[in-house]
>>> print(open('run.txt').read())   # compact mmCIF, C-alpha atoms and all ligand atoms
# COMPACT_ATOMS: atom_id res chain seq x y z
CA MET A 12 28.58 -1.19 16.44
CA ARG A 13 26.60 -0.43 13.31
CA LYS A 14 23.65 1.84 13.92
CA LEU A 15 20.37 0.71 12.46
CA ILE A 16 17.48 2.42 10.77
CA ILE A 17 14.40 1.20 12.61
CA ALA A 18 11.01 1.86 11.01
CA ILE A 19 7.88 1.63 13.13
CA ASP A 20 4.56 1.92 11.32
CA GLY A 21 1.09 1.40 12.65
CA PRO A 22 -2.37 2.86 13.11
CA VAL A 23 -3.50 5.55 15.54
CA GLY A 24 -3.34 4.46 19.16
CA SER A 25 -0.92 1.60 18.55
CA GLY A 26 1.49 3.32 20.93
CA LYS A 27 4.01 4.23 18.22
CA SER A 28 5.21 7.48 19.76
CA THR A 29 5.73 6.21 23.31
CA VAL A 30 7.27 2.97 22.08
CA ALA A 31 9.51 4.61 19.47
CA ARG A 32 10.76 7.15 22.03
CA ARG A 33 11.54 4.38 24.52
CA VAL A 34 13.28 2.19 21.92
CA ALA A 35 15.40 5.19 20.91
CA ASP A 36 16.25 5.84 24.58
CA LEU A 37 17.24 2.23 25.24
CA LEU A 38 19.46 2.07 22.16
CA GLY A 39 20.84 5.61 22.38
CA TYR A 40 19.25 6.41 19.01
CA THR A 41 17.36 9.46 17.75
CA HIS A 42 13.57 9.34 17.75
CA LEU A 43 11.82 10.87 14.73
CA ASP A 44 8.05 11.25 14.70
CA SER A 45 7.08 11.74 11.06
CA GLY A 46 3.41 12.36 11.96
CA ALA A 47 4.50 15.50 13.82
CA MET A 48 5.64 16.93 10.49
CA TYR A 49 2.20 16.46 8.89
CA ARG A 50 0.66 17.92 12.04
CA ALA A 51 2.96 20.95 11.77
CA VAL A 52 1.88 21.60 8.16
CA ALA A 53 -1.76 21.18 9.16
CA TRP A 54 -1.36 23.58 12.09
CA LYS A 55 0.19 26.20 9.84
CA ALA A 56 -2.56 25.76 7.24
CA LEU A 57 -5.22 26.28 9.92
CA CYS A 58 -3.40 29.37 11.27
CA ASP A 59 -2.99 30.91 7.83
CA GLY A 60 -6.52 30.06 6.68
CA ILE A 61 -5.28 27.83 3.85
CA PRO A 62 -8.17 25.68 2.60
CA LEU A 63 -7.59 22.03 3.42
CA ASP A 64 -9.14 21.05 0.10
CA SER A 65 -6.63 22.99 -2.00
CA PRO A 66 -3.74 20.66 -2.88
CA ALA A 67 -1.85 23.43 -4.73
CA GLU A 68 -1.90 25.80 -1.75
CA LEU A 69 -1.00 23.01 0.67
CA GLU A 70 1.88 21.92 -1.57
CA ALA A 71 3.20 25.49 -1.73
CA LEU A 72 2.93 25.75 2.06
CA ALA A 73 4.74 22.43 2.65
CA SER A 74 7.60 23.48 0.38
CA ARG A 75 8.11 26.86 2.01
CA VAL A 76 8.02 25.94 5.72
CA ARG A 77 10.97 24.59 7.62
CA ILE A 78 10.21 21.92 10.19
CA ASP A 79 12.78 20.77 12.72
CA LEU A 80 12.26 17.96 15.19
CA VAL A 81 14.45 18.65 18.19
CA PRO A 82 14.75 16.24 21.12
CA SER A 83 14.94 18.16 24.40
CA GLY A 84 13.93 17.42 28.00
CA GLY A 85 12.76 13.89 27.19
CA LYS A 86 10.35 15.15 24.56
CA LEU A 87 10.50 15.79 20.84
CA HIS A 88 9.98 19.48 20.10
CA VAL A 89 8.42 20.49 16.82
CA ILE A 90 9.84 23.74 15.52
CA LEU A 91 8.18 25.42 12.57
CA ASP A 92 10.08 28.33 11.03
CA GLY A 93 11.84 28.79 14.36
CA GLU A 94 8.69 28.70 16.51
CA ASP A 95 8.13 25.89 19.03
CA ILE A 96 4.62 24.58 18.26
CA THR A 97 4.91 21.26 20.15
CA ASP A 98 2.04 21.99 22.51
CA TRP A 99 -0.40 23.08 19.82
CA ILE A 100 -0.39 20.22 17.36
CA ARG A 101 -2.15 17.47 19.35
CA THR A 102 -5.66 18.93 19.39
CA PRO A 103 -8.52 17.02 17.71
CA GLU A 104 -8.77 19.86 15.16
CA VAL A 105 -5.11 19.49 14.13
CA SER A 106 -5.41 15.67 14.11
CA HIS A 107 -8.29 15.92 11.69
CA ALA A 108 -6.54 18.52 9.51
CA ALA A 109 -3.31 16.46 9.49
CA SER A 110 -5.12 13.44 8.10
CA LEU A 111 -6.41 15.61 5.22
CA VAL A 112 -3.07 17.31 4.57
CA ALA A 113 -1.25 13.96 4.57
CA VAL A 114 -3.17 12.72 1.52
CA VAL A 115 -1.73 15.46 -0.72
CA PRO A 116 1.21 14.10 -2.78
CA GLY A 117 2.84 17.55 -3.00
CA VAL A 118 2.87 17.74 0.80
CA ARG A 119 4.30 14.26 1.23
CA ARG A 120 7.20 14.76 -1.18
CA PRO A 121 9.12 17.42 0.80
CA MET A 122 8.29 15.66 4.09
CA VAL A 123 9.64 12.32 2.84
CA ALA A 124 12.78 14.03 1.49
CA GLU A 125 13.42 15.60 4.89
CA GLN A 126 12.76 12.31 6.71
CA ARG A 127 15.25 10.49 4.45
CA ARG A 128 17.84 13.17 5.05
CA ALA A 129 17.30 13.02 8.82
CA GLY A 130 17.62 9.22 8.99
CA ALA A 131 20.26 8.57 6.36
CA GLN A 132 23.12 8.05 8.82
CA GLY A 133 21.28 5.38 10.84
CA GLY A 134 20.86 5.34 14.60
CA VAL A 135 17.23 6.40 14.22
CA VAL A 136 13.85 5.11 15.23
CA MET A 137 11.39 6.66 12.83
CA GLU A 138 7.66 6.20 13.27
CA GLY A 139 4.77 6.86 10.94
CA ARG A 140 2.57 5.14 8.39
CA ASP A 141 4.87 4.73 5.39
CA ILE A 142 8.35 4.51 6.90
CA GLY A 143 8.99 0.85 6.04
CA SER A 144 7.15 1.05 2.72
CA VAL A 145 8.21 4.40 1.23
CA VAL A 146 10.63 6.45 3.33
CA PHE A 147 13.07 3.64 4.14
CA PRO A 148 12.13 0.53 2.13
CA HIS A 149 15.59 -0.81 3.03
CA ALA A 150 15.33 -0.12 6.77
CA ASP A 151 17.31 -2.61 8.86
CA LEU A 152 14.32 -3.44 11.02
CA LYS A 153 10.67 -2.84 10.20
CA ILE A 154 7.99 -3.10 12.83
CA TYR A 155 4.26 -3.03 12.20
CA LEU A 156 2.76 -2.09 15.53
CA ASP A 157 -0.88 -2.90 16.09
CA ALA A 158 -3.56 -3.43 18.73
CA SER A 159 -7.30 -4.00 18.61
CA PRO A 160 -9.37 -0.92 17.68
CA GLU A 161 -11.09 -1.03 21.09
CA VAL A 162 -7.79 -0.97 22.98
CA ARG A 163 -6.40 1.79 20.73
CA ALA A 164 -9.54 3.88 21.22
CA GLY A 165 -9.30 3.32 24.99
CA ARG A 166 -5.75 4.69 24.98
CA ARG A 167 -6.81 7.71 22.96
CA TRP A 168 -9.78 8.30 25.29
CA ARG A 169 -7.54 8.21 28.37
CA GLU A 170 -5.15 10.67 26.72
CA LEU A 171 -8.04 13.07 26.13
CA GLN A 172 -9.25 12.61 29.73
CA GLU A 173 -5.78 13.45 31.02
CA LYS A 174 -5.84 16.64 28.99
CA GLY A 175 -9.22 17.48 30.51
CA GLU A 176 -11.02 17.09 27.19
CA ALA A 177 -14.39 15.43 27.77
CA SER A 178 -15.20 12.79 25.17
CA ASP A 179 -17.55 9.92 24.59
CA PRO A 180 -15.70 6.56 24.36
CA LEU A 181 -17.93 5.40 21.51
CA MET A 182 -17.27 8.57 19.57
CA VAL A 183 -13.52 8.08 20.08
CA LEU A 184 -13.83 4.50 18.78
CA ALA A 185 -15.72 5.76 15.73
CA GLU A 186 -13.02 8.38 15.12
CA VAL A 187 -10.25 5.77 15.40
CA ARG A 188 -12.03 3.59 12.84
CA GLU A 189 -12.51 6.57 10.54
CA ARG A 190 -8.81 7.55 10.75
CA ASP A 191 -7.81 3.92 10.14
CA ARG A 192 -9.95 3.88 7.04
CA ARG A 193 -8.49 7.15 5.72
CA ASP A 194 -4.89 6.08 6.45
CA ARG A 195 -5.37 2.67 4.79
CA GLU A 196 -7.46 3.63 1.79
CA ARG A 197 -5.66 6.73 0.57
CA GLU A 198 -3.97 6.46 -2.77
CA MET A 199 -0.54 7.78 -1.89
CA SER A 200 1.53 5.96 0.73
CA PRO A 201 -1.32 4.21 2.53
CA LEU A 202 -0.70 2.52 5.84
CA VAL A 203 0.27 -1.03 4.87
CA ARG A 204 1.89 -3.97 6.55
CA VAL A 205 4.86 -4.66 4.29
CA ALA A 206 5.88 -8.28 3.86
CA ASP A 207 9.22 -7.91 5.64
CA ALA A 208 7.82 -6.10 8.70
CA VAL A 209 7.62 -7.89 12.02
CA VAL A 210 4.09 -7.56 13.37
CA VAL A 211 4.06 -6.64 17.05
CA ASP A 212 0.54 -6.73 18.47
CA ASN A 213 0.51 -4.92 21.79
CA THR A 214 -3.18 -5.32 22.62
CA ALA A 215 -2.06 -7.04 25.82
CA MET A 216 1.34 -5.38 26.32
CA ASP A 217 2.27 -2.04 27.78
CA ALA A 218 4.67 0.40 26.11
CA GLU A 219 7.69 -0.76 28.13
CA GLU A 220 7.19 -4.43 27.22
CA THR A 221 6.62 -3.50 23.59
CA ALA A 222 9.78 -1.39 23.49
CA ARG A 223 11.84 -4.20 24.99
CA VAL A 224 10.59 -6.69 22.41
CA ILE A 225 11.68 -4.29 19.65
CA VAL A 226 15.07 -3.72 21.28
CA LEU A 227 15.62 -7.51 21.35
CA LEU A 228 14.78 -7.67 17.64
CA ALA A 229 17.20 -4.81 16.98
CA GLN A 230 19.97 -6.52 18.92
CA GLU A 231 19.39 -9.67 16.88
CA LYS A 232 19.88 -7.63 13.69
CA VAL A 233 23.07 -6.08 15.00
CA ASN A 234 24.44 -9.51 16.04
CA ALA A 235 23.52 -11.05 12.70
CA ALA A 236 25.32 -8.27 10.86
CA ALA A 237 28.43 -8.80 13.01
CA HIS A 238 28.73 -12.50 12.07
O1 LIG B 301 0.85 9.64 13.90
P1 LIG B 301 0.03 10.89 13.92
O2 LIG B 301 -1.38 10.66 14.37
O3 LIG B 301 0.68 11.99 14.69
O4 LIG B 301 -0.06 11.38 12.40
C1 LIG B 301 -0.77 12.52 12.02
C2 LIG B 301 -1.38 12.30 10.63
O5 LIG B 301 -0.36 12.20 9.65
C3 LIG B 301 -2.23 11.03 10.53
O6 LIG B 301 -3.45 11.33 9.88
C4 LIG B 301 -1.43 10.10 9.66
C5 LIG B 301 -0.51 10.99 8.91
N1 LIG B 301 0.82 10.40 8.72
C6 LIG B 301 1.15 9.96 7.47
O7 LIG B 301 0.32 10.02 6.56
N2 LIG B 301 2.38 9.44 7.22
C7 LIG B 301 3.28 9.36 8.20
N3 LIG B 301 4.49 8.85 7.93
C8 LIG B 301 2.96 9.80 9.50
C9 LIG B 301 1.70 10.31 9.73
>>> encode(input="run.txt", output="structure tokens")
Amino acid sequence: MRKLIIAIDGPVGSGKSTVARRVADLLGYTHLDSGAMYRAVAWKALCDGIPLDSPAELEALASRVRIDLVPSGGKLHVILDGEDITDWIRTPEVSHAASLVAVVPGVRRPMVAEQRRAGAQGGVVMEGRDIGSVVFPHADLKIYLDASPEVRAGRRWRELQEKGEASDPLMVLAEVRERDRRDREREMSPLVRVADAVVVDNTAMDAEETARVIVLLAQEKVNAAAH
């Protein structure tokens, strides 16, 4: 059976990571979280005191680090220059820094090259903001995952609660809206709904239902290719 390239793009809180991981599990594919790569660069910039408003220094950093995404124990480990940084890149500080780092063209170039290399053989579910538009414009299946801002903020708020990080739901909603704006309005590779993407709105669906819808769409593609 031919193995597909599945691109899942969508805004923060749309459930991309959980859904992409589950789709990959169900199909026996590899899950690649492109956002984790921008988070890794941001984490390293914060550690090394690299100013987030210096595109030249960020570009140099992005070209010299090596980032590996390694699935292990049901989770995707992010390895930067041999160090496992998985548990350190989901803080609000890194989220904010990642959204600044991701607007720098010189950072995106090496990340996109690595993502293309990692997915070239197919059998991947890659999630991000620009997978269907830039990284794999010829992906076999493109999904634009979405949900209402209120539902996405609620998910984010619960995640923070679970981590024991106190937060105000209204502040979280404001942050979600702000990150949406930055992702959609940036000049390079903004988050867009490409014309050939299937829109899956999971405002009223959980991750399992969402993943199964996408698996059905994938199976349709595989069947169509076989006939
Ligand atoms: O999906 P995430 O929240 O982990 O992504 C972290 C940041 O990286 C976020 O600000 C969006 C950005 N990003 C991007 O610009 N392009 C991608 N393909 C993936 C993420």
>>> residues_near_ligand(input="run.txt", ligand="ligand LIG 301 (chain B)", cutoff="10 Å", atoms="all atoms listed in the file", output="ChimeraX atom specification")
/A:19-28,44-53,100-101,105-115,118-119,122-123,126,137-146,190-191,193-195,197,199-202
>>> closest_residue(input="run.txt", among="A:Gly117, A:Asp92, A:Glu125, A:Ile154", to="Val226 (chain A)", atoms="all atoms listed in the file")
A:Ile154
>>> closest_residue(input="run.txt", among="A:Ala18, A:Glu161, A:Glu196, A:Pro116", to="Met182 (chain A)", atoms="all atoms listed in the file")
A:Glu161
>>> closest_residue(input="run.txt", among="A:Val30, A:Leu43, A:Arg120, A:Gln230", to="Glu70 (chain A)", atoms="all atoms listed in the file")
A:Arg120
>>> atom_distance(input="run.txt", atom1="CA of Ala150 (chain A)", atom2="CA of Arg33 (chain A)")
18.7 Å
>>> residues_around(input="run.txt", residues="Glu219 (chain A)", least_positions_apart="3", cutoff="9 Å", atoms="all atoms listed in the file", output="list of chain:residue names")
A:Thr29, A:Val30, A:Arg33, A:Val34, A:Met216, A:Ala222, A:Arg223, A:Val224
>>> closest_residue(input="run.txt", among="A:Ala31, A:Leu37, A:Leu171, A:Leu181", to="Leu227 (chain A)", atoms="all atoms listed in the file")
A:Leu37
>>> closest_residue(input="run.txt", among="A:Arg13, A:Arg77, A:Lys153, A:His42", to="Val205 (chain A)", atoms="only C-alpha atoms")
A:Lys153
>>> closest_residue(input="run.txt", among="A:Ala158, A:Ala237, A:Leu152, A:Leu15", to="Ile225 (chain A)", atoms="all atoms listed in the file")
A:Leu152
>>> atom_distance(input="run.txt", atom1="CA of Gly85 (chain A)", atom2="CA of Thr41 (chain A)")
11.4 Å
>>> atom_distance(input="run.txt", atom1="CA of Leu63 (chain A)", atom2="CA of Asp95 (chain A)")
22.5 Å
>>> residues_around(input="run.txt", residues="Lys174 (chain A)", least_positions_apart="5", cutoff="10 Å", atoms="all atoms listed in the file", output="list in words")
Thr102, Trp168 and Arg169 of chain A
>>> decode(input="run.txt", residues="region 124-140 of chain A", atoms="N, CA and C atoms", output="compact mmCIF listing (two decimals), in the first residue's frame")
# COMPACT_ATOMS: atom_id res chain seq x y z
N ALA A 124 13.70 22.73 5.20
CA ALA A 124 14.54 21.75 4.49
C ALA A 124 14.56 20.43 5.25
N GLU A 125 14.70 20.52 6.56
CA GLU A 125 14.76 19.30 7.39
C GLU A 125 13.40 18.59 7.38
N GLN A 126 12.32 19.37 7.43
CA GLN A 126 10.98 18.76 7.41
C GLN A 126 10.75 18.03 6.08
N ARG A 127 11.19 18.63 4.99
CA ARG A 127 11.01 17.98 3.67
C ARG A 127 11.81 16.68 3.62
N ARG A 128 13.02 16.75 4.15
CA ARG A 128 13.86 15.56 4.13
C ARG A 128 13.19 14.44 4.94
N ALA A 129 12.68 14.83 6.13
CA ALA A 129 12.10 13.83 7.04
C ALA A 129 10.83 13.19 6.46
N GLY A 130 10.10 13.94 5.62
CA GLY A 130 8.82 13.41 5.14
C GLY A 130 8.85 12.87 3.73
N ALA A 131 9.98 13.02 3.07
CA ALA A 131 10.04 12.75 1.63
C ALA A 131 9.56 11.35 1.23
N GLN A 132 9.81 10.37 2.10
CA GLN A 132 9.46 8.99 1.73
C GLN A 132 7.99 8.66 1.92
N GLY A 133 7.21 9.58 2.51
CA GLY A 133 5.80 9.29 2.79
C GLY A 133 5.65 8.52 4.09
N GLY A 134 4.39 8.16 4.40
CA GLY A 134 4.17 7.48 5.68
C GLY A 134 4.35 8.43 6.85
N VAL A 135 4.03 9.71 6.63
CA VAL A 135 4.18 10.69 7.71
C VAL A 135 2.91 11.52 7.90
N VAL A 136 2.71 11.89 9.14
CA VAL A 136 1.67 12.86 9.48
C VAL A 136 2.42 14.05 10.06
N MET A 137 2.49 15.13 9.27
CA MET A 137 3.26 16.28 9.72
C MET A 137 2.30 17.41 10.06
N GLU A 138 2.49 17.99 11.23
CA GLU A 138 1.59 19.07 11.65
C GLU A 138 2.33 20.38 11.82
N GLY A 139 1.62 21.48 11.58
CA GLY A 139 2.24 22.80 11.73
C GLY A 139 1.31 23.89 11.29
N ARG A 140 1.90 24.90 10.63
CA ARG A 140 1.09 26.03 10.14
C ARG A 140 1.18 26.13 8.62
